[in-house]
file final_21.cif (mmCIF, C-alpha atoms)
data_data
#
loop_
_atom_site.label_atom_id
_atom_site.label_comp_id
_atom_site.auth_asym_id
_atom_site.auth_seq_id
_atom_site.Cartn_x
_atom_site.Cartn_y
_atom_site.Cartn_z
CA MET A 78 118.67 77.71 95.38
CA ASN A 79 121.37 76.98 92.89
CA LYS A 80 124.36 79.14 92.23
CA GLU A 81 123.33 79.91 88.68
CA LEU A 82 120.01 81.34 89.81
CA GLU A 83 121.74 83.37 92.49
CA HIS A 84 124.25 84.68 90.00
CA SER A 85 121.63 85.75 87.45
CA PHE A 86 119.59 87.44 90.19
CA VAL A 87 122.54 89.40 91.58
CA GLU A 88 123.52 90.48 88.09
CA LEU A 89 120.02 91.81 87.37
CA LEU A 90 119.73 93.46 90.75
CA GLU A 91 123.08 95.17 90.41
CA LYS A 92 121.96 96.58 87.08
CA HIS A 93 118.53 97.77 88.28
CA GLN A 94 119.36 98.65 91.90
CA ASN A 95 118.43 102.31 91.42
CA ILE A 96 114.76 101.33 91.43
CA ILE A 97 115.17 100.06 94.99
CA HIS A 98 117.21 103.08 95.98
CA LYS A 99 114.48 105.37 94.72
CA VAL A 100 111.77 103.50 96.64
CA CYS A 101 113.91 103.74 99.78
CA ARG A 102 114.55 107.39 99.13
CA LEU A 103 110.82 108.04 99.13
CA TYR A 104 109.81 105.95 102.14
CA THR A 105 112.65 106.50 104.57
CA ASN A 106 114.15 109.55 106.12
CA ASN A 107 117.68 108.62 107.02
CA TYR A 108 120.65 106.62 105.84
CA ASP A 109 120.23 103.63 108.19
CA ALA A 110 116.54 103.24 107.44
CA HIS A 111 117.34 103.49 103.72
CA ASN A 112 119.75 100.57 104.07
CA ASP A 113 117.28 98.56 106.15
CA LEU A 114 114.54 98.93 103.57
CA PHE A 115 116.99 98.24 100.73
CA GLN A 116 117.91 94.99 102.44
CA GLU A 117 114.29 93.94 103.01
CA ILE A 118 113.31 94.67 99.39
CA THR A 119 116.32 92.68 98.16
CA ILE A 120 115.34 89.73 100.37
CA GLN A 121 111.73 89.85 99.15
CA LEU A 122 112.89 90.03 95.52
CA TRP A 123 115.25 87.11 96.02
CA ARG A 124 112.53 84.99 97.62
CA ALA A 125 110.13 85.70 94.80
CA TYR A 126 112.76 85.34 92.08
CA PRO A 127 112.29 81.57 91.44
CA LYS A 128 108.73 82.40 90.37
CA PHE A 129 109.81 85.23 88.12
CA ARG A 130 108.96 83.98 84.67
CA GLY A 131 110.39 86.72 82.61
CA ASP A 132 107.05 87.42 80.93
CA SER A 133 107.28 90.86 82.45
CA LYS A 134 110.41 92.94 82.51
CA PHE A 135 112.61 92.45 85.54
CA SER A 136 112.42 96.18 86.26
CA THR A 137 108.57 96.17 86.11
CA TRP A 138 108.54 93.25 88.51
CA MET A 139 110.93 95.11 90.80
CA TYR A 140 108.63 98.13 91.01
CA ARG A 141 105.82 95.91 92.27
CA VAL A 142 107.83 93.98 94.86
CA GLY A 143 109.69 97.13 95.93
CA LEU A 144 106.53 99.13 96.54
CA ASN A 145 104.76 96.20 98.19
CA THR A 146 107.63 95.84 100.60
CA ALA A 147 107.73 99.57 101.38
CA ILE A 148 103.97 99.97 101.78
CA THR A 149 102.96 96.66 103.32
CA LEU A 150 105.64 94.18 104.29
CA TYR A 151 108.35 96.33 105.81
CA ARG A 152 108.22 96.55 109.55
CA LYS A 153 109.78 99.86 110.39
CA SER A 154 112.92 99.45 112.43
CA LYS A 155 113.64 101.65 115.41
CA ARG A 156 116.31 103.30 113.36
CA SER A 157 113.80 104.76 110.93
CA ILE A 158 112.23 106.75 113.74
CA ILE A 159 115.32 108.89 114.15
CA THR A 160 114.62 111.87 111.99
CA GLN A 161 117.25 113.91 110.35
CA ASP A 162 117.02 116.95 108.21
CA PHE A 163 116.41 115.13 104.98
CA ASP A 164 114.93 117.21 102.27
CA GLY A 165 116.53 115.44 99.38
CA VAL A 166 119.24 117.96 98.71
CA GLU A 167 122.00 115.44 99.31
CA PHE A 168 120.58 113.15 96.64
CA ARG A 169 120.15 115.75 94.01
CA MET A 170 122.35 117.23 91.39
CA LYS A 171 124.66 120.05 92.26
CA ALA A 172 122.95 123.32 93.01
CA GLU A 173 124.65 125.10 90.13
CA ASP A 174 122.54 123.03 87.72
CA TYR A 175 119.56 125.10 88.74
CA ASP A 176 118.87 128.71 89.36
CA ASN A 177 117.94 129.68 92.88
CA THR A 178 114.20 129.76 92.31
CA GLU A 179 114.25 126.25 90.88
CA GLU A 180 116.38 125.04 93.73
CA GLU A 181 113.96 126.45 96.26
CA GLN A 182 110.97 125.06 94.38
CA LEU A 183 112.53 121.60 94.28
CA LYS A 184 113.32 121.72 97.95
CA THR A 185 109.70 122.52 98.74
CA LEU A 186 108.49 119.90 96.26
CA TYR A 187 110.56 117.12 97.83
CA LYS A 188 109.39 118.16 101.25
CA ALA A 189 105.78 118.10 100.06
CA VAL A 190 106.22 114.64 98.52
CA HIS A 191 107.59 113.37 101.83
CA GLU A 192 104.45 114.61 103.55
CA LEU A 193 102.18 112.49 101.33
CA ASN A 194 100.78 109.23 102.71
CA ASP A 195 102.17 105.82 101.68
CA ILE A 196 99.68 105.25 98.85
CA GLU A 197 100.06 108.75 97.44
CA LYS A 198 103.83 108.34 97.51
CA ALA A 199 103.52 105.10 95.54
CA LEU A 200 101.40 106.80 92.88
CA ILE A 201 103.68 109.80 92.56
CA PHE A 202 106.69 107.47 92.42
CA LEU A 203 105.22 105.55 89.49
CA TYR A 204 104.32 108.84 87.81
CA LEU A 205 107.88 110.12 88.24
CA GLU A 206 109.13 106.85 86.78
CA ASP A 207 107.03 107.53 83.67
CA LYS A 208 104.64 104.64 84.18
CA ASP A 209 101.33 104.87 82.35
CA TYR A 210 97.98 104.61 84.14
CA ARG A 211 97.54 100.99 83.09
CA GLU A 212 100.73 99.99 84.84
CA ILE A 213 99.95 102.17 87.85
CA SER A 214 96.52 100.55 88.20
CA GLU A 215 97.97 97.03 87.83
CA THR A 216 100.66 97.68 90.43
CA MET A 217 98.30 99.16 92.97
CA GLY A 218 95.25 96.99 92.30
CA ILE A 219 92.92 99.88 91.54
CA SER A 220 91.11 100.83 88.35
CA GLU A 221 92.73 103.08 85.76
CA VAL A 222 90.03 105.71 86.27
CA ASN A 223 90.63 105.78 90.02
CA ALA A 224 94.39 105.96 89.52
CA ARG A 225 93.88 108.95 87.24
CA VAL A 226 91.50 110.67 89.67
CA LYS A 227 93.84 110.10 92.61
CA MET A 228 96.83 111.30 90.62
CA ASN A 229 95.05 114.56 89.78
CA ARG A 230 94.20 115.04 93.44
CA ILE A 231 97.83 114.53 94.42
CA LYS A 232 98.93 117.05 91.79
CA THR A 233 96.45 119.58 93.17
CA LYS A 234 97.61 118.82 96.71
CA LEU A 235 101.23 119.44 95.75
CA LYS A 236 100.27 122.59 93.89
CA THR A 237 98.46 123.89 96.96
CA ILE A 238 101.50 123.20 99.14
CA LEU A 239 103.72 125.03 96.65
CA ASN A 240 101.42 128.00 96.10
CA PRO A 241 99.47 128.46 99.30
CA MET B 76 101.84 121.20 85.84
CA ASP B 77 105.22 122.91 85.57
CA GLU B 78 106.33 122.09 89.09
CA LEU B 79 105.80 118.37 88.61
CA GLU B 80 107.70 118.46 85.35
CA LEU B 81 110.54 120.10 87.21
CA LEU B 82 110.40 117.37 89.84
CA LYS B 83 110.36 114.70 87.15
CA LYS B 84 113.39 116.21 85.46
CA ASP B 85 115.26 116.26 88.74
CA TRP B 86 114.09 112.75 89.65
CA ARG B 87 115.59 111.33 86.47
CA LYS B 88 118.97 112.77 87.36
CA GLN B 89 118.96 110.91 90.66
CA ASN B 90 120.20 107.72 89.02
CA THR B 91 123.72 109.01 89.17
CA THR B 92 123.64 110.02 92.82
CA TYR B 93 123.05 106.75 94.69
CA LYS B 94 125.94 104.77 96.05
CA GLN B 95 126.01 101.70 93.82
CA LEU B 96 126.31 98.30 95.48
CA SER B 97 128.62 95.80 93.83
CA ALA B 98 127.66 92.15 93.28
CA LYS B 99 130.07 91.30 96.09
CA GLU B 100 128.04 93.50 98.44
CA ILE B 101 124.69 92.12 97.25
CA TYR B 102 125.47 88.41 97.85
CA PRO B 103 125.61 88.69 101.68
CA ILE B 104 122.21 90.46 101.74
CA LEU B 105 120.60 87.36 100.22
CA GLN B 106 121.65 85.33 103.27
CA LYS B 107 120.07 87.77 105.72
CA LYS B 108 116.76 87.12 107.40
CA SER B 109 113.62 89.01 106.49
CA SER B 110 111.92 91.08 109.14
CA SER B 111 108.63 91.54 107.31
CA ILE B 112 105.24 91.61 109.02
CA VAL B 113 104.33 88.36 107.24
CA LYS B 114 107.13 86.58 109.05
CA THR B 115 106.03 88.04 112.38
CA LEU B 116 102.45 87.06 111.62
CA PHE B 117 103.61 83.53 110.81
CA TYR B 118 105.43 83.21 114.15
CA ILE B 119 102.39 84.56 115.97
CA SER B 120 100.07 82.05 114.28
CA VAL B 121 102.38 79.13 115.11
CA GLY B 122 102.61 80.48 118.66
CA GLU B 123 98.80 80.64 118.87
CA LEU B 124 98.42 77.05 117.75
CA VAL B 125 101.00 75.75 120.21
CA PHE B 126 99.73 77.93 123.05
CA TRP B 127 96.11 76.82 122.79
CA ILE B 128 97.01 73.16 122.24
CA LEU B 129 99.12 73.28 125.40
CA ILE B 130 96.43 75.12 127.37
CA ASN B 131 93.97 72.43 126.38
CA SER B 132 96.22 69.42 126.93
CA ILE B 133 98.61 70.16 129.81
CA PRO B 134 96.03 70.09 132.63
CA TYR B 135 94.60 66.82 131.30
CA PHE B 136 97.95 65.05 131.09
CA SER B 137 99.66 66.57 134.10
CA SER B 138 96.97 66.44 136.75
CA ASP B 139 95.48 63.10 137.80
CA SER B 140 92.65 64.68 139.75
CA TYR B 141 91.72 66.89 136.79
CA ARG B 142 91.72 63.85 134.50
CA GLU B 143 89.55 61.91 136.92
CA ARG B 144 87.13 64.81 137.26
CA LEU B 145 86.98 65.22 133.51
CA ASN B 146 86.43 61.50 133.01
CA ALA B 147 83.65 61.64 135.57
CA VAL B 148 82.02 64.56 133.81
CA TYR B 149 82.25 62.88 130.44
CA SER B 150 81.42 59.43 131.76
CA ASN B 151 80.01 58.48 128.40
CA GLU B 152 82.97 57.18 126.38
CA TYR B 153 81.43 58.11 123.04
CA VAL B 154 80.79 61.68 124.12
CA PHE B 155 84.40 62.06 125.24
CA ALA B 156 85.78 60.44 122.06
CA GLY B 157 83.49 62.60 119.96
CA LEU B 158 84.56 65.82 121.69
CA THR B 159 88.25 64.91 121.39
CA PHE B 160 87.78 64.11 117.72
CA ILE B 161 86.03 67.44 117.10
CA SER B 162 88.62 69.49 118.99
CA TYR B 163 91.56 67.92 117.13
CA GLY B 164 89.61 68.21 113.90
CA VAL B 165 89.21 71.94 114.50
CA ILE B 166 92.94 72.31 115.21
CA LEU B 167 93.79 70.45 111.99
CA LEU B 168 91.33 72.60 110.07
CA PHE B 169 92.96 75.77 111.40
CA ILE B 170 96.44 74.47 110.59
CA TYR B 171 95.27 73.81 107.04
CA LEU B 172 93.60 77.23 106.71
CA LEU B 173 96.64 79.02 108.12
CA PHE B 174 98.99 77.14 105.82
CA LYS B 175 96.77 77.93 102.84
CA SER B 176 96.43 81.62 103.65
CA HIS B 177 100.14 82.02 104.36
CA LYS B 178 100.94 80.35 101.04
CA ALA B 179 98.60 82.79 99.28
CA ILE B 180 100.61 85.82 100.45
CA SER B 181 102.82 86.89 97.59
CA ALA B 182 104.96 89.99 97.29
CA THR B 183 104.43 89.88 93.53
CA ASP B 184 100.67 90.44 93.75
CA ASN B 185 99.32 93.93 93.30
CA ALA B 186 99.36 96.11 96.43
CA LYS B 187 95.67 95.69 97.22
CA LYS B 188 95.65 91.91 96.77
CA LEU B 189 98.73 91.52 98.94
CA MET B 190 97.09 93.51 101.72
CA GLU B 191 93.91 91.44 101.42
CA SER B 192 95.87 88.16 101.67
CA ILE B 193 97.59 89.34 104.85
CA LEU B 194 94.31 90.52 106.36
CA LYS B 195 92.76 87.16 105.47
CA THR B 196 95.51 85.35 107.38
CA ARG B 197 94.96 87.65 110.31
CA ARG B 198 91.23 86.81 110.17
CA VAL B 199 91.96 83.07 110.31
CA ILE B 200 94.06 83.62 113.45
CA LYS B 201 91.29 85.80 114.88
CA TYR B 202 88.68 83.07 114.35
CA TYR B 203 90.99 80.54 115.97
CA VAL B 204 91.38 82.78 119.01
CA ILE B 205 87.61 83.40 119.19
CA TYR B 206 86.98 79.64 118.93
CA ASN B 207 89.37 78.99 121.80
CA LEU B 208 87.99 81.77 123.94
CA VAL B 209 84.46 80.45 123.45
CA MET B 210 85.62 76.93 124.29
CA VAL B 211 87.44 78.15 127.40
CA SER B 212 84.35 80.00 128.60
CA ILE B 213 82.08 77.03 127.96
CA SER B 214 84.47 74.62 129.68
CA MET B 215 84.84 76.92 132.66
CA LEU B 216 81.11 77.30 133.10
CA VAL B 217 80.18 73.69 132.36
CA GLY B 218 83.16 72.43 134.37
CA THR B 219 82.12 74.48 137.40
CA TYR B 220 78.53 73.25 137.10
CA PHE B 221 79.57 69.59 136.94
CA ALA B 222 82.10 70.07 139.72
CA ILE B 223 79.31 71.36 141.93
CA VAL B 224 76.96 68.56 140.94
CA ASN B 225 79.52 65.74 141.19
CA ASP B 226 81.52 66.88 144.20
CA PRO B 227 79.62 65.93 147.40
CA LYS B 228 81.58 68.42 149.51
CA LEU B 229 80.76 71.31 147.19
CA THR B 230 77.12 70.18 146.83
CA ASP B 231 76.89 70.09 150.59
CA SER B 232 78.30 73.60 151.04
CA ILE B 233 76.08 75.02 148.36
CA SER B 234 72.99 73.42 149.86
CA HIS B 235 73.50 75.78 152.81
CA PHE B 236 73.50 78.81 150.52
CA ASN B 237 70.38 80.88 150.25
CA ASN B 238 69.16 82.01 146.85
CA LYS B 239 71.00 85.28 147.00
CA GLN B 240 74.31 83.54 147.79
CA VAL B 241 73.84 81.04 144.95
CA PHE B 242 73.14 83.92 142.60
CA MET B 243 76.25 85.72 143.86
CA ALA B 244 78.41 82.61 143.40
CA TYR B 245 77.27 82.21 139.79
CA ALA B 246 77.71 85.93 139.16
CA ILE B 247 81.30 85.77 140.44
CA ILE B 248 82.13 82.76 138.25
CA ILE B 249 80.65 84.40 135.16
CA GLY B 250 82.29 87.73 136.01
CA VAL B 251 85.75 86.19 136.45
CA THR B 252 85.40 84.25 133.18
CA ALA B 253 84.25 87.34 131.32
CA PHE B 254 87.10 89.41 132.78
CA LEU B 255 89.74 86.83 131.79
CA ILE B 256 88.37 86.68 128.27
CA LEU B 257 88.26 90.44 128.01
CA ILE B 258 91.91 90.69 129.09
CA ILE B 259 93.00 88.08 126.51
CA TRP B 260 90.90 89.77 123.82
CA LEU B 261 92.38 93.20 124.58
CA PHE B 262 95.85 91.70 124.42
CA TYR B 263 95.16 90.40 120.91
CA LYS B 264 93.64 93.68 119.85
CA LEU B 265 96.78 95.48 120.97
CA LEU B 266 99.14 92.93 119.43
CA TYR B 267 97.52 92.94 115.99
CA GLY B 268 96.65 96.60 116.22
CA LEU B 269 100.31 97.50 116.57
CA LEU B 270 101.52 95.01 113.99
CA LEU B 271 98.98 95.82 111.31
CA LYS B 272 98.30 99.48 112.02
CA ARG B 273 100.09 100.75 108.93
CA LEU B 274 98.68 98.00 106.72
CA ASN B 275 95.13 98.73 107.82
CA ARG B 276 95.59 102.45 107.21
CA ASN B 277 96.97 101.88 103.71
CA TYR B 278 94.29 99.34 102.88
CA GLN B 279 91.57 101.79 103.89
CA GLU B 280 93.24 104.44 101.76
CA LEU B 281 93.18 102.13 98.73
CA LYS B 282 89.59 101.14 99.40
CA LYS B 283 88.59 104.78 99.62
CA LEU B 284 89.71 105.17 96.01
CA GLU B 285 87.01 102.80 94.88
CA PHE B 286 84.27 105.28 95.66
#
call {"tool": "encode", "arguments": {"input": "final_21.cif", "output": "structure tokens"}}
result
Amino acid sequence: MNKELEHSFVELLEKHQNIIHKVCRLYTNNYDAHNDLFQEITIQLWRAYPKFRGDSKFSTWMYRVGLNTAITLYRKSKRSIITQDFDGVEFRMKAEDYDNTEEEQLKTLYKAVHELNDIEKALIFLYLEDKDYREISETMGISEVNARVKMNRIKTKLKTILNP
Amino acid sequence: MDELELLKKDWRKQNTTYKQLSAKEIYPILQKKSSSIVKTLFYISVGELVFWILINSIPYFSSDSYRERLNAVYSNEYVFAGLTFISYGVILLFIYLLFKSHKAISATDNAKKLMESILKTRRVIKYYVIYNLVMVSISMLVGTYFAIVNDPKLTDSISHFNNKQVFMAYAIIIGVTAFLILIIWLFYKLLYGLLLKRLNRNYQELKKLEF
């Protein structure tokens, strides 16, 4: 791989790295596992980069490779088994930005999202990233109708967890 | 749904909370080795090929008596050449299929297609293992039969066996072969089961959405 290619890749990755962080945030439960998955996604992106043609946006391409790595390719390291109290609070904005009820609701919501299975997490992630159903269906390899149906089920599931 | 909107609003704010890696910190990551299941699967498939080639060749090249026995069994030169040709042909075919299926695995495919490509590679390895297990069983059974027929000492001992003893001898040979194959098969089931457990679960989940 030539230096120029490496340079352009690193530049793009540096700019869009939050996408990877957010995938890691969703699929791991501690700092070490987050770093492990971040590394694996970066390696997978770098390997696939020579074939990246630029006909899709780099960020769109990153969503696909990032989720594929998290759902399918990543072999969980021993470190990811160690569980810590990780309900997302440390990643969120300061508590004073919200009133107490909102804070509590968010805490429960993040906890509920973490309880979803891998596929449901991927769908909710794309939803939170404002992707439309066409893009969700293309990323996951399912039809738009099924993506919509599944998304509604996940919403209901989350609602049930929040308001038992 | 209000709650999800709240989550979305909060999610957007997360961009400012992650520790940002500099280009200097990203470069070393590119040199690191991947630990993906595809890589593990690749090593396993290469291991399978080497293992079964060695299992099939070592006894022939390392033991003179085995070679002589085998040559006696396959006294017809054409039969032996034909069998060798077929067995190497099958190995080459599997190498080609494995190479092709590994090449088809791409992290840039959609999630479902990527899972299918990996499962396809796993199937190729499975067929290769089944092929070898079948060949091992056939060779063990045929080999034992010819050994009995061609070895005067063995033929002599067996001629003293009554029907029940002959039946018992065959039952033991078949039983031992079946047991060995079962053990190897269970080992593979466990190996791939552990490696692809999560993938299988997620693939089933995606497939469920189609109904």
call {"tool": "interface_residues", "arguments": {"input": "final_21.cif", "of": "chain B", "to": "chain A", "cutoff": "8 Å", "atoms": "all atoms listed in the file", "output": "PyMOL selection string"}}
result
chain B and resi 76+78-79+81-83+85-90+92-93+95-98+101-102+104-105+107-113+181-190+273-274+277+280-281+284-285
call {"tool": "atom_distance", "arguments": {"input": "final_21.cif", "atom1": "atom CA of Ile233 of chain B", "atom2": "atom CA of Asn131 of chain B"}}
result
28.5 Å
call {"tool": "residues_around", "arguments": {"input": "final_21.cif", "residues": "segment 196-206 of chain B", "least_positions_apart": "2", "cutoff": "7 Å", "atoms": "all atoms listed in the file", "output": "NGL selection string"}}
result
:B and (120 or 169 or 173 or 176-177 or 192-194 or 208-210)
call {"tool": "write_last_selection", "arguments": {"input": "final_21.cif", "atoms": "C-alpha atoms", "output": "PDB file, in the coordinates of the input"}}
result
ATOM      1  CA  SER B 120     100.070  82.050 114.280  1.00  0.00           C
ATOM      2  CA  PHE B 169      92.960  75.770 111.400  1.00  0.00           C
ATOM      3  CA  LEU B 173      96.640  79.020 108.120  1.00  0.00           C
ATOM      4  CA  SER B 176      96.430  81.620 103.650  1.00  0.00           C
ATOM      5  CA  HIS B 177     100.140  82.020 104.360  1.00  0.00           C
ATOM      6  CA  SER B 192      95.870  88.160 101.670  1.00  0.00           C
ATOM      7  CA  ILE B 193      97.590  89.340 104.850  1.00  0.00           C
ATOM      8  CA  LEU B 194      94.310  90.520 106.360  1.00  0.00           C
ATOM      9  CA  LEU B 208      87.990  81.770 123.940  1.00  0.00           C
ATOM     10  CA  VAL B 209      84.460  80.450 123.450  1.00  0.00           C
ATOM     11  CA  MET B 210      85.620  76.930 124.290  1.00  0.00           C
TER      12      MET B 210
END
call {"tool": "closest_residue", "arguments": {"input": "final_21.cif", "among": "A:Thr237, A:Glu181, A:Arg225, A:Cys101", "to": "Leu200 of chain A", "atoms": "only C-alpha atoms"}}
result
A:Arg225
call {"tool": "residues_around", "arguments": {"input": "final_21.cif", "residues": "segment 213-219 of chain B", "least_positions_apart": "4", "cutoff": "8 Å", "atoms": "all atoms listed in the file", "output": "list in words"}}
result
Val148, Val209, Ile223, Ile248, Ile249 and Thr252 of chain B
call {"tool": "closest_residue", "arguments": {"input": "final_21.cif", "among": "A:Phe135, A:Arg211, A:Tyr104, A:Thr185", "to": "Ile238 of chain A", "atoms": "all atoms listed in the file"}}
result
A:Thr185
call {"tool": "atom_distance", "arguments": {"input": "final_21.cif", "atom1": "atom CA of Asp77 of chain B", "atom2": "atom CA of Asp209 of chain A"}}
result
18.7 Å
call {"tool": "atom_distance", "arguments": {"input": "final_21.cif", "atom1": "atom CA of Ile166 of chain B", "atom2": "atom CA of Lys264 of chain B"}}
result
21.9 Å
